[in-house]
Amino acid sequence: MPRLVSFLLLIYSFFLIQTGLPKLPARIPTHFNSAGRADGWGSPGSLWIIFVAQALTCAVFLLVPYLGQKYPNSVHLGLRRLTDFPVSQRVAILTMMNEMVGYLSVVMNLLFVLMLHEIIQAAQQSVPHFQMLWLLVLGAGGTFAILWYYLGKFRRIEKSDDNAIEITH
């Protein structure tokens, strides 16, 4: 489900740009300082660069679980590689990793959508201003919360694996 939401957010970004372009001036703000004031300008077509970055980010998140299945030695969970876990544990870890990157993809795609929306809104103002704080809170806070939650789940699997090793010895 998170992958579907990510894909829908990507499509929404496309339509946001398509419907916003005709309403934009020839020069729009493309960079904002820490106070949220525009300090860089470009053409409305530069919104497509953000869209491409969003699409590439989405693609990377979709590829991570595939790479974990195809190349389990390349996946690291803390100090251990996926191949350090018994095969029976790998399935659970890959399933959780798939969920985790799905939710991370939703957060990142939502961040891109909101960024595009803010830039389009700022471009239509006489004094362009960008509300950055809540975007940073969403991006950093959402990412941290998801990573914290899933790293805890990975750690519980690791501990259950350690206990199983102690019992067999």
# chains A, B, ... in the order shown; residues from 1 in each chain; ligands from 1
call {"tool": "select_by_dssp", "arguments": {"residues": "chain A", "states": "strand (DSSP E)", "output": "ChimeraX atom specification"}}
result
/A:28-32,38-42,76-77,80-81
call {"tool": "closest_residue", "arguments": {"among": "A:Ile50, A:Ala38, A:Val64, A:Ile146", "to": "Leu111 in chain A", "atoms": "only C-alpha atoms"}}
result
A:Ile50
call {"tool": "closest_residue", "arguments": {"among": "A:Leu82, A:Leu114, A:Ala140, A:Ile120", "to": "Glu158 in chain A", "atoms": "only C-alpha atoms"}}
result
A:Leu82
call {"tool": "closest_residue", "arguments": {"among": "A:Leu62, A:Ala55, A:Leu116, A:Leu138", "to": "Met100 in chain A", "atoms": "only C-alpha atoms"}}
result
A:Leu62
call {"tool": "residues_around", "arguments": {"residues": "Gln124 in chain A", "least_positions_apart": "3", "cutoff": "8 Å", "atoms": "only C-alpha atoms", "output": "list of chain:residue names"}}
result
A:Lys23, A:Leu24, A:Pro25, A:Ile120, A:Gln121, A:Pro128
call {"tool": "atom_distance", "arguments": {"atom1": "CA of Phe61 in chain A", "atom2": "CA of Thr95 in chain A"}}
result
14.0 Å
call {"tool": "closest_residue", "arguments": {"among": "A:Arg3, A:Glu99, A:Phe112, A:Ser88", "to": "Ala53 in chain A", "atoms": "only C-alpha atoms"}}
result
A:Phe112
call {"tool": "closest_residue", "arguments": {"among": "A:Ile119, A:Ala92, A:Asn98, A:Leu10", "to": "Phe51 in chain A", "atoms": "only C-alpha atoms"}}
result
A:Leu10
